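Working notes for the structure below.
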Amino acid sequence: MEGLWRTVTAGETGEKFAAFYAMLTKANAQFNLTRITGEEECRVKHFLDSLAGIDYFPPNADCCEVGSGAGFPSVPLLIARGDLTFTLIESSQKKCRFLETVIKELGLRASVVCARAEEAAKGPLRERFDICCARAVARLNTLAEYCLPFIKKGGAFIAYKGNAAEEMEEAKGALRILGGAVEEARTFDLPQEAGRRTILVCRKISHTPPQYPRGHGKERTSPL
């Protein structure tokens, strides 16, 4: 984590993280983006947590993020890795406008799609990306149905989780149906006793059947 901490606090990337934090706190005063508002807490629980999966993103990867919200993990990854490109999928128009401002102000290689993931996955974005990631969106069996349809065969779904052992067991059937399989699960502790986290890497080993995602909220109400 020491090297990632320098990325967050020093040099050009440190300046961009500071600018992102300023934009985040300003927007948070107008509408709810995050309950974490202190600068040090934000650095640890948002910025460092987002960067913890950085090594799982291949060079020059074309990435997708589902449920971007305030831009975690995508914005920290884009700040630290100028080679990455991201398509940010978010259904809230207010959050989309915030993300568009951040992208413009920080000069990031990203675009925003204001849509529900289950609808966007049925269009031209389907099976287009090297990586699809998500953080704090849904349980793994539901999240897999949102994310795996966006990934090309051979790519990966990266899920940012807390304690994920139960969810991994619960999602085995869903991953198999959707064309994925858990390749790696790395658990780590954030600094300052900020909590235990897990990075899950699920490889896309076969095409997702065309009926998924099912839509109409079935991903959450009747998970695979």
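Following the order of the structure tokens, first chain is A, next is B, and so on, with residues numbered from 1 inside each chain and ligands from 1 in the order they appear.
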Find the residues around A:Leu88 up to 9 Å (only C-alpha atoms counted), leave out those fewer than 2 positions away in its own chain, and share them as a PDB file with N, CA, C and O atoms, in the first residue's frame.
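Output (selection-v4.pdb):
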ATOM      1  N   CYS A  63     -12.008  -0.527 -20.622  1.00  0.00           N
ATOM      2  CA  CYS A  63     -12.731  -0.964 -19.423  1.00  0.00           C
ATOM      3  C   CYS A  63     -14.136  -0.371 -19.351  1.00  0.00           C
ATOM      4  O   CYS A  63     -14.420   0.672 -19.927  1.00  0.00           O
ATOM      5  N   CYS A  64     -14.964  -1.070 -18.603  1.00  0.00           N
ATOM      6  CA  CYS A  64     -16.323  -0.634 -18.342  1.00  0.00           C
ATOM      7  C   CYS A  64     -16.548  -0.692 -16.836  1.00  0.00           C
ATOM      8  O   CYS A  64     -16.025  -1.585 -16.164  1.00  0.00           O
ATOM      9  N   GLU A  65     -17.301   0.258 -16.322  1.00  0.00           N
ATOM     10  CA  GLU A  65     -17.667   0.233 -14.910  1.00  0.00           C
ATOM     11  C   GLU A  65     -19.184   0.293 -14.791  1.00  0.00           C
ATOM     12  O   GLU A  65     -19.828   1.139 -15.409  1.00  0.00           O
ATOM     13  N   VAL A  66     -19.739  -0.602 -14.002  1.00  0.00           N
ATOM     14  CA  VAL A  66     -21.187  -0.660 -13.794  1.00  0.00           C
ATOM     15  C   VAL A  66     -21.533  -0.004 -12.462  1.00  0.00           C
ATOM     16  O   VAL A  66     -20.907  -0.293 -11.440  1.00  0.00           O
ATOM     17  N   GLY A  67     -22.519   0.890 -12.485  1.00  0.00           N
ATOM     18  CA  GLY A  67     -22.924   1.582 -11.268  1.00  0.00           C
ATOM     19  C   GLY A  67     -21.840   2.502 -10.752  1.00  0.00           C
ATOM     20  O   GLY A  67     -21.442   2.411  -9.586  1.00  0.00           O
ATOM     21  N   SER A  68     -21.386   3.421 -11.590  1.00  0.00           N
ATOM     22  CA  SER A  68     -20.212   4.246 -11.266  1.00  0.00           C
ATOM     23  C   SER A  68     -20.399   5.112 -10.031  1.00  0.00           C
ATOM     24  O   SER A  68     -19.441   5.357  -9.294  1.00  0.00           O
ATOM     25  N   GLY A  71     -17.712   7.523  -8.900  1.00  0.00           N
ATOM     26  CA  GLY A  71     -16.513   7.257  -9.697  1.00  0.00           C
ATOM     27  C   GLY A  71     -15.494   6.362  -9.041  1.00  0.00           C
ATOM     28  O   GLY A  71     -14.285   6.537  -9.252  1.00  0.00           O
ATOM     29  N   SER A  74     -13.268   3.670 -10.795  1.00  0.00           N
ATOM     30  CA  SER A  74     -12.804   4.119 -12.108  1.00  0.00           C
ATOM     31  C   SER A  74     -11.930   5.367 -12.074  1.00  0.00           C
ATOM     32  O   SER A  74     -10.858   5.394 -12.702  1.00  0.00           O
ATOM     33  N   PHE A  86     -12.088   4.129 -20.010  1.00  0.00           N
ATOM     34  CA  PHE A  86     -13.258   3.649 -19.283  1.00  0.00           C
ATOM     35  C   PHE A  86     -14.546   4.164 -19.903  1.00  0.00           C
ATOM     36  O   PHE A  86     -14.629   5.316 -20.322  1.00  0.00           O
ATOM     37  N   GLU A  90     -23.948   4.577 -15.515  1.00  0.00           N
ATOM     38  CA  GLU A  90     -24.617   5.064 -14.307  1.00  0.00           C
ATOM     39  C   GLU A  90     -26.025   5.516 -14.687  1.00  0.00           C
ATOM     40  O   GLU A  90     -26.205   6.179 -15.704  1.00  0.00           O
ATOM     41  N   CYS A  96     -24.265  11.243 -13.313  1.00  0.00           N
ATOM     42  CA  CYS A  96     -23.646  11.286 -14.641  1.00  0.00           C
ATOM     43  C   CYS A  96     -23.065  12.659 -14.935  1.00  0.00           C
ATOM     44  O   CYS A  96     -21.954  12.774 -15.470  1.00  0.00           O
ATOM     45  N   LEU A  99     -19.865  12.997 -12.982  1.00  0.00           N
ATOM     46  CA  LEU A  99     -18.787  12.222 -13.606  1.00  0.00           C
ATOM     47  C   LEU A  99     -18.263  12.916 -14.863  1.00  0.00           C
ATOM     48  O   LEU A  99     -17.052  12.938 -15.107  1.00  0.00           O
ATOM     49  N   ALA A 110     -12.210   8.836 -20.617  1.00  0.00           N
ATOM     50  CA  ALA A 110     -13.430   8.137 -20.222  1.00  0.00           C
ATOM     51  C   ALA A 110     -14.639   8.809 -20.845  1.00  0.00           C
ATOM     52  O   ALA A 110     -14.593   9.966 -21.264  1.00  0.00           O
ATOM     53  N   SER A 111     -15.730   8.053 -20.896  1.00  0.00           N
ATOM     54  CA  SER A 111     -17.018   8.578 -21.338  1.00  0.00           C
ATOM     55  C   SER A 111     -18.091   8.037 -20.405  1.00  0.00           C
ATOM     56  O   SER A 111     -17.888   7.040 -19.710  1.00  0.00           O
ATOM     57  N   VAL A 112     -19.230   8.711 -20.375  1.00  0.00           N
ATOM     58  CA  VAL A 112     -20.310   8.340 -19.469  1.00  0.00           C
ATOM     59  C   VAL A 112     -21.526   7.918 -20.283  1.00  0.00           C
ATOM     60  O   VAL A 112     -21.926   8.599 -21.227  1.00  0.00           O
ATOM     61  N   VAL A 113     -22.106   6.807 -19.909  1.00  0.00           N
ATOM     62  CA  VAL A 113     -23.363   6.341 -20.491  1.00  0.00           C
ATOM     63  C   VAL A 113     -24.414   6.382 -19.389  1.00  0.00           C
ATOM     64  O   VAL A 113     -24.300   5.669 -18.385  1.00  0.00           O
ATOM     65  N   CYS A 114     -25.414   7.227 -19.563  1.00  0.00           N
ATOM     66  CA  CYS A 114     -26.465   7.366 -18.552  1.00  0.00           C
ATOM     67  C   CYS A 114     -27.574   6.365 -18.878  1.00  0.00           C
ATOM     68  O   CYS A 114     -28.459   6.631 -19.696  1.00  0.00           O
TER      69      CYS A 114
END
**Prompt:** Contacts of A:Val137 at 10 Å or less, counting only C-alpha atoms, minus same-chain residues fewer than 3 places along, as a PyMOL selection string?
**Reply:** chain A and resi 66-69+134+140+142-143+146+159-161
Just to be explicit: take each residue in the selection above, keep all heavy atoms, and write the result as a tab-separated table (two decimals), in the first residue's frame.
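The result, stored in again_14.tsv:
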chain	number	residue	atom	x	y	z
A	66	VAL	N	-19.74	-0.60	-14.00
A	66	VAL	CA	-21.19	-0.66	-13.79
A	66	VAL	C	-21.53	0.00	-12.46
A	66	VAL	O	-20.91	-0.29	-11.44
A	66	VAL	CB	-21.67	-2.12	-13.83
A	66	VAL	CG1	-23.08	-2.24	-13.25
A	66	VAL	CG2	-21.65	-2.65	-15.26
A	67	GLY	N	-22.52	0.89	-12.48
A	67	GLY	CA	-22.92	1.58	-11.27
A	67	GLY	C	-21.84	2.50	-10.75
A	67	GLY	O	-21.44	2.41	-9.59
A	68	SER	N	-21.39	3.42	-11.59
A	68	SER	CA	-20.21	4.25	-11.27
A	68	SER	C	-20.40	5.11	-10.03
A	68	SER	O	-19.44	5.36	-9.29
A	68	SER	CB	-19.85	5.14	-12.46
A	68	SER	OG	-19.34	4.36	-13.52
A	69	GLY	N	-21.61	5.61	-9.80
A	69	GLY	CA	-21.83	6.46	-8.63
A	69	GLY	C	-20.94	7.68	-8.64
A	69	GLY	O	-20.97	8.50	-9.56
A	134	ALA	N	-16.87	-3.25	-10.80
A	134	ALA	CA	-17.93	-2.63	-10.00
A	134	ALA	C	-17.53	-2.68	-8.54
A	134	ALA	O	-16.83	-3.61	-8.09
A	134	ALA	CB	-19.25	-3.34	-10.21
A	140	LEU	N	-22.74	-10.61	-5.31
A	140	LEU	CA	-21.98	-11.11	-6.45
A	140	LEU	C	-22.83	-11.81	-7.50
A	140	LEU	O	-22.60	-11.64	-8.70
A	140	LEU	CB	-20.87	-12.04	-5.96
A	140	LEU	CG	-19.86	-12.52	-7.01
A	140	LEU	CD1	-19.13	-11.34	-7.65
A	140	LEU	CD2	-18.87	-13.49	-6.38
A	142	THR	N	-25.93	-11.23	-8.32
A	142	THR	CA	-26.62	-10.18	-9.07
A	142	THR	C	-25.63	-9.37	-9.90
A	142	THR	O	-25.87	-9.08	-11.08
A	142	THR	CB	-27.36	-9.25	-8.10
A	142	THR	OG1	-28.40	-9.98	-7.46
A	142	THR	CG2	-27.96	-8.05	-8.82
A	143	LEU	N	-24.52	-9.01	-9.30
A	143	LEU	CA	-23.52	-8.20	-9.98
A	143	LEU	C	-22.96	-8.89	-11.22
A	143	LEU	O	-22.70	-8.25	-12.24
A	143	LEU	CB	-22.38	-7.88	-9.00
A	143	LEU	CG	-21.40	-6.78	-9.36
A	143	LEU	CD1	-22.12	-5.47	-9.58
A	143	LEU	CD2	-20.35	-6.63	-8.28
A	146	TYR	N	-25.14	-8.35	-14.15
A	146	TYR	CA	-24.99	-7.00	-14.69
A	146	TYR	C	-23.71	-6.86	-15.51
A	146	TYR	O	-23.70	-6.21	-16.56
A	146	TYR	CB	-24.94	-5.97	-13.55
A	146	TYR	CG	-26.24	-5.71	-12.85
A	146	TYR	CD1	-26.25	-5.43	-11.48
A	146	TYR	CD2	-27.46	-5.70	-13.52
A	146	TYR	CE1	-27.44	-5.16	-10.80
A	146	TYR	CE2	-28.65	-5.44	-12.85
A	146	TYR	CZ	-28.63	-5.18	-11.49
A	146	TYR	OH	-29.80	-4.92	-10.82
A	159	ALA	N	-14.55	-7.51	-9.24
A	159	ALA	CA	-15.50	-7.05	-8.23
A	159	ALA	C	-14.76	-6.64	-6.96
A	159	ALA	O	-13.94	-7.40	-6.44
A	159	ALA	CB	-16.51	-8.16	-7.92
A	160	TYR	N	-15.06	-5.45	-6.48
A	160	TYR	CA	-14.51	-4.94	-5.23
A	160	TYR	C	-15.51	-5.26	-4.12
A	160	TYR	O	-16.65	-4.79	-4.15
A	160	TYR	CB	-14.31	-3.43	-5.32
A	160	TYR	CG	-13.12	-2.99	-6.14
A	160	TYR	CD1	-13.07	-3.19	-7.51
A	160	TYR	CD2	-12.05	-2.33	-5.53
A	160	TYR	CE1	-11.99	-2.76	-8.27
A	160	TYR	CE2	-10.96	-1.90	-6.27
A	160	TYR	CZ	-10.94	-2.12	-7.64
A	160	TYR	OH	-9.86	-1.69	-8.38
A	161	LYS	N	-15.08	-6.05	-3.15
A	161	LYS	CA	-15.99	-6.55	-2.12
A	161	LYS	C	-15.38	-6.40	-0.73
A	161	LYS	O	-14.19	-6.16	-0.58
A	161	LYS	CB	-16.29	-8.03	-2.38
A	161	LYS	CG	-17.21	-8.28	-3.58
A	161	LYS	CD	-18.61	-7.87	-3.20
A	161	LYS	CE	-19.60	-8.05	-4.31
A	161	LYS	NZ	-20.95	-7.61	-3.90
Nearest-residue call for A:Ala61, choices A:Phe47, A:Phe17, A:Phe129, A:Phe31, using only C-alpha atoms
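Under the stated criterion, the closest residue is A:Phe129.
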Report as a list of chain:residue names all protein, DNA and RNA residues lying within 7 Å of A:Arg186, evaluated on only C-alpha atoms, omitting residues in the same chain fewer than 4 positions from it.
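My reading of the contact set: A:Thr198, A:Ile199, A:Leu200.
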Export, as a PDB file, in the first residue's frame, the selected residues with all heavy atoms.
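Wrote out-v5.pdb, looks like this:
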ATOM      1  N   THR A 198     -11.826  -7.459  -0.333  1.00  0.00           N
ATOM      2  CA  THR A 198     -11.503  -8.554  -1.244  1.00  0.00           C
ATOM      3  C   THR A 198     -11.631  -8.071  -2.681  1.00  0.00           C
ATOM      4  O   THR A 198     -12.608  -7.398  -3.034  1.00  0.00           O
ATOM      5  CB  THR A 198     -12.447  -9.753  -1.037  1.00  0.00           C
ATOM      6  OG1 THR A 198     -12.363 -10.190   0.312  1.00  0.00           O
ATOM      7  CG2 THR A 198     -12.076 -10.912  -1.955  1.00  0.00           C
ATOM      8  N   ILE A 199     -10.640  -8.396  -3.499  1.00  0.00           N
ATOM      9  CA  ILE A 199     -10.710  -8.176  -4.942  1.00  0.00           C
ATOM     10  C   ILE A 199     -10.965  -9.534  -5.592  1.00  0.00           C
ATOM     11  O   ILE A 199     -10.169 -10.465  -5.435  1.00  0.00           O
ATOM     12  CB  ILE A 199      -9.405  -7.582  -5.510  1.00  0.00           C
ATOM     13  CG1 ILE A 199      -9.055  -6.254  -4.829  1.00  0.00           C
ATOM     14  CG2 ILE A 199      -9.509  -7.408  -7.025  1.00  0.00           C
ATOM     15  CD1 ILE A 199      -9.950  -5.115  -5.185  1.00  0.00           C
ATOM     16  N   LEU A 200     -12.070  -9.650  -6.311  1.00  0.00           N
ATOM     17  CA  LEU A 200     -12.412 -10.889  -7.009  1.00  0.00           C
ATOM     18  C   LEU A 200     -12.193 -10.709  -8.503  1.00  0.00           C
ATOM     19  O   LEU A 200     -12.682  -9.740  -9.089  1.00  0.00           O
ATOM     20  CB  LEU A 200     -13.875 -11.251  -6.779  1.00  0.00           C
ATOM     21  CG  LEU A 200     -14.277 -11.774  -5.411  1.00  0.00           C
ATOM     22  CD1 LEU A 200     -15.796 -11.884  -5.325  1.00  0.00           C
ATOM     23  CD2 LEU A 200     -13.658 -13.134  -5.164  1.00  0.00           C
TER      24      LEU A 200
END
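Here atom CA of A:Cys147 and atom CA of A:Cys42 stand 25.8 Å from one another.
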Q. Can you list, as number ranges by chain, every residue of stretch 3-201 of chain A that DSSP puts in alpha helix (DSSP H)?
A. A: 3-9, 11-28, 39-42, 49-51, 74-80, 93-106, 117-120, 140-147, 165-170, 172-178
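Using only C-alpha atoms for every distance, the candidate list A:Met23, A:Leu84, A:Leu77, A:Ala120 yields A:Leu77 as the residue closest to A:Ser50.
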Judged by only C-alpha atoms, the minimum distance to A:Arg6 among A:Leu51, A:Ile89, A:Leu190, A:Leu178 is found for A:Leu51
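Interatomic distance, atom CA of A:Cys133 against atom CA of A:Ile151: 9.9 Å.
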Can you pull out the residues contacting A:Leu24? Cut-off 9 Å, using only C-alpha atoms, and skip same-chain residues under 2 positions away; I want them as a PyMOL selection string.
chain A and resi 19-22+26-29+33-34+37+70+98+102
I'd like to know which of A:Ala52, A:Thr25, A:Pro210, A:Ala80 is closest to A:Ala10, using only C-alpha atoms.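 Residue with the minimum atom-to-atom distance to A:Ala10: A:Ala80.
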Taking only C-alpha atoms into account, which of A:Gly217, A:Phe157, A:Asp62, A:Glu100 comes nearest A:Leu125?
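That would be A:Asp62, the residue with the smallest distance to A:Leu125.
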Name the residues of stretch 15-151 of chain A that come out as strand (DSSP E or B) in a backbone DSSP run; write them as a list in words. Asp62, Cys63, Cys64, Glu65, Val66, Thr85, Phe86, Thr87, Leu88, Ile89, Glu90, Ala110, Ser111, Val112, Val113, Cys114, Phe129, Asp130, Ile131, Cys132, Cys133, Ala134, Arg135 and Ile151 of chain A
File dump, residues just selected, N, CA, C and O atoms, as a tab-separated table (two decimals), in the first residue's frame:
chain	number	residue	atom	x	y	z
A	62	ASP	N	-9.39	-1.60	-22.37
A	62	ASP	CA	-10.65	-0.89	-22.60
A	62	ASP	C	-11.63	-1.40	-21.56
A	62	ASP	O	-12.03	-2.56	-21.58
A	63	CYS	N	-12.01	-0.53	-20.62
A	63	CYS	CA	-12.73	-0.96	-19.42
A	63	CYS	C	-14.14	-0.37	-19.35
A	63	CYS	O	-14.42	0.67	-19.93
A	64	CYS	N	-14.96	-1.07	-18.60
A	64	CYS	CA	-16.32	-0.63	-18.34
A	64	CYS	C	-16.55	-0.69	-16.84
A	64	CYS	O	-16.03	-1.58	-16.16
A	65	GLU	N	-17.30	0.26	-16.32
A	65	GLU	CA	-17.67	0.23	-14.91
A	65	GLU	C	-19.18	0.29	-14.79
A	65	GLU	O	-19.83	1.14	-15.41
A	66	VAL	N	-19.74	-0.60	-14.00
A	66	VAL	CA	-21.19	-0.66	-13.79
A	66	VAL	C	-21.53	0.00	-12.46
A	66	VAL	O	-20.91	-0.29	-11.44
A	85	THR	N	-8.69	3.20	-20.59
A	85	THR	CA	-9.88	3.94	-21.01
A	85	THR	C	-11.09	3.30	-20.32
A	85	THR	O	-11.11	2.10	-20.07
A	86	PHE	N	-12.09	4.13	-20.01
A	86	PHE	CA	-13.26	3.65	-19.28
A	86	PHE	C	-14.55	4.16	-19.90
A	86	PHE	O	-14.63	5.32	-20.32
A	87	THR	N	-15.55	3.30	-19.93
A	87	THR	CA	-16.93	3.70	-20.16
A	87	THR	C	-17.65	3.53	-18.84
A	87	THR	O	-17.68	2.43	-18.27
A	88	LEU	N	-18.20	4.63	-18.32
A	88	LEU	CA	-18.84	4.62	-17.01
A	88	LEU	C	-20.35	4.53	-17.19
A	88	LEU	O	-20.95	5.41	-17.81
A	89	ILE	N	-20.96	3.48	-16.66
A	89	ILE	CA	-22.39	3.27	-16.80
A	89	ILE	C	-23.07	3.59	-15.47
A	89	ILE	O	-22.79	2.97	-14.45
A	90	GLU	N	-23.95	4.58	-15.52
A	90	GLU	CA	-24.62	5.06	-14.31
A	90	GLU	C	-26.03	5.52	-14.69
A	90	GLU	O	-26.20	6.18	-15.70
A	110	ALA	N	-12.21	8.84	-20.62
A	110	ALA	CA	-13.43	8.14	-20.22
A	110	ALA	C	-14.64	8.81	-20.85
A	110	ALA	O	-14.59	9.97	-21.26
A	111	SER	N	-15.73	8.05	-20.90
A	111	SER	CA	-17.02	8.58	-21.34
A	111	SER	C	-18.09	8.04	-20.41
A	111	SER	O	-17.89	7.04	-19.71
A	112	VAL	N	-19.23	8.71	-20.38
A	112	VAL	CA	-20.31	8.34	-19.47
A	112	VAL	C	-21.53	7.92	-20.28
A	112	VAL	O	-21.93	8.60	-21.23
A	113	VAL	N	-22.11	6.81	-19.91
A	113	VAL	CA	-23.36	6.34	-20.49
A	113	VAL	C	-24.41	6.38	-19.39
A	113	VAL	O	-24.30	5.67	-18.39
A	114	CYS	N	-25.41	7.23	-19.56
A	114	CYS	CA	-26.46	7.37	-18.55
A	114	CYS	C	-27.57	6.36	-18.88
A	114	CYS	O	-28.46	6.63	-19.70
A	129	PHE	N	-15.75	-5.19	-23.95
A	129	PHE	CA	-14.68	-4.69	-23.09
A	129	PHE	C	-13.71	-5.78	-22.63
A	129	PHE	O	-14.08	-6.94	-22.47
A	130	ASP	N	-12.48	-5.33	-22.36
A	130	ASP	CA	-11.46	-6.23	-21.78
A	130	ASP	C	-11.77	-6.50	-20.31
A	130	ASP	O	-11.56	-7.61	-19.81
A	131	ILE	N	-12.24	-5.45	-19.62
A	131	ILE	CA	-12.50	-5.52	-18.18
A	131	ILE	C	-13.83	-4.83	-17.88
A	131	ILE	O	-14.13	-3.78	-18.44
A	132	CYS	N	-14.61	-5.42	-16.98
A	132	CYS	CA	-15.75	-4.71	-16.40
A	132	CYS	C	-15.60	-4.80	-14.89
A	132	CYS	O	-15.35	-5.88	-14.34
A	133	CYS	N	-15.71	-3.67	-14.20
A	133	CYS	CA	-15.54	-3.66	-12.75
A	133	CYS	C	-16.73	-2.99	-12.08
A	133	CYS	O	-17.49	-2.25	-12.71
A	134	ALA	N	-16.87	-3.25	-10.80
A	134	ALA	CA	-17.93	-2.63	-10.00
A	134	ALA	C	-17.53	-2.68	-8.54
A	134	ALA	O	-16.83	-3.61	-8.09
A	135	ARG	N	-18.00	-1.70	-7.81
A	135	ARG	CA	-17.69	-1.60	-6.38
A	135	ARG	C	-18.95	-1.17	-5.63
A	135	ARG	O	-19.57	-0.17	-5.99
A	151	ILE	N	-18.38	-8.06	-21.12
A	151	ILE	CA	-16.98	-8.48	-21.27
A	151	ILE	C	-16.81	-9.42	-22.44
A	151	ILE	O	-17.58	-10.38	-22.61
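Restricting the calculation to only C-alpha atoms, the smallest distance between A:Leu106 and any of A:Ser222, A:Thr187, A:Ser206, A:Thr13 is found for A:Thr13.
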>> As an exercise, work out the distance from atom CA of A:Ala181 to atom CA of A:Arg214 in Å and give it to one decimal place.
In response: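 Separation of atom CA of A:Ala181 and atom CA of A:Arg214: 19.8 Å.
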Exercise. Might you pull out every residue within 9 Å of A:Tyr56, with only C-alpha atoms counted and same-chain residues fewer than 6 positions away left off, and present them as a list in words?
Key: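 Residues near the query, excluding close chain neighbours: Ala156, Ile158 and Val201 of chain A.
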Take the selection from the previous step and output its residues with N, CA and C atoms, as a tab-separated table (two decimals), in the first residue's frame.
chain	number	residue	atom	x	y	z
A	156	ALA	N	-12.10	-10.02	-18.21
A	156	ALA	CA	-12.31	-10.31	-16.79
A	156	ALA	C	-13.30	-9.35	-16.16
A	158	ILE	N	-14.04	-7.72	-12.56
A	158	ILE	CA	-13.33	-7.43	-11.31
A	158	ILE	C	-14.32	-6.81	-10.34
A	201	VAL	N	-11.45	-11.62	-9.10
A	201	VAL	CA	-11.23	-11.60	-10.55
A	201	VAL	C	-11.91	-12.82	-11.15
